[in-house]
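Written out below as structure tokens is the structure these notes cover.
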Amino acid sequence: MQVLQLIIFAGLAAVVLFQLYSVLGRRVGRQPEDAAPEAVAAAARLADRPLEDPAQGGVTLSGLAAVKARDPGFDITHFLQGSRQAYETIVRSFAAGDRAVLKPLLAAPVMEGFEAAIAQRETEGRTESVEFTHSPRADLEKADMVGDLARLTVRFLAEFRSRGKGPEGESVEDRRTAELWTFERNLKSRDPNWILIRVDPAEA
């Protein structure tokens with residue numbers, strides 16, 4: 001009987017400890033380290049959305065599944081890491097007015113908009129530099145195939161410090177931005193680089 005009671009008490013203790021661990025280990029809200037797992041999970045959801053094609057009488061792949069079907073070597077984690085690096089490079093280069101770095105990374109319409117803003121800043125005798133307080137967060141928002149063109153939209157959440165200098169003196173401003181950046185790549189091209197073709201504001 002004593003052995004049986006000990007076994008019962010041990011079982012009850014294990015249940016109580018498990019429930020206590022579950023409560024204490026639970027986190028509230030989205031944590032910075034959740035970025036990569038959530039991005040991969042979101043990508044998996046996008047990949048599982050086939051669309052019916054009545055004309056073909058079968059199933060046509062869409063979203064990320066269509067991209068991976070055309071480019072089996074595509075890796076979403078690697079892409080998001082690269083897009084985050086591109087984001088930081090483009091933001092810093094735009095602030096510095098570095099056209100040479102920006103040009104190969106941007107589609108012509110985007111470059112024209114950046115060029116106009118840089119030229120105006122130079123005309124006003126202003127300079128700017130940017131320092132990221134930590135690495136931006138990047139989540140896949142949407143994936144599409146348009147002919148041979150793969151288009152992936154990434155939601156970026158970033159915090160950085162902008163230091164400016166102009167005729168009125170120096171300024172320091174802390175900013176928090178939320179934007180949707182759409183990258184494009186021709187999957188028939190040997191060029192592995194993605195080009196930024198669109199920038200839109202997003203909700204934080």
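In the structure tokens, chains take letters A, B, ... by order of appearance, with residues numbered from 1 within each chain and ligands from 1 in the order shown.
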**Item:** Residues near Pro104 (chain A), cut-off 12 Å, only C-alpha atoms, skip fewer than 5 positions along chain, as number ranges by chain
**Value:** A: 86, 89-90, 98-99, 110-111, 191, 193-197
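From CA of Ala202 (chain A) back to CA of Glu179 (chain A), the distance works out to 4.7 Å.
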**Request:** Could you give me the residues within region 85-162 of chain A that DSSP places in helix (DSSP H, G or I), as number ranges by chain?
**Result:** A: 85-96, 99-105, 108-123
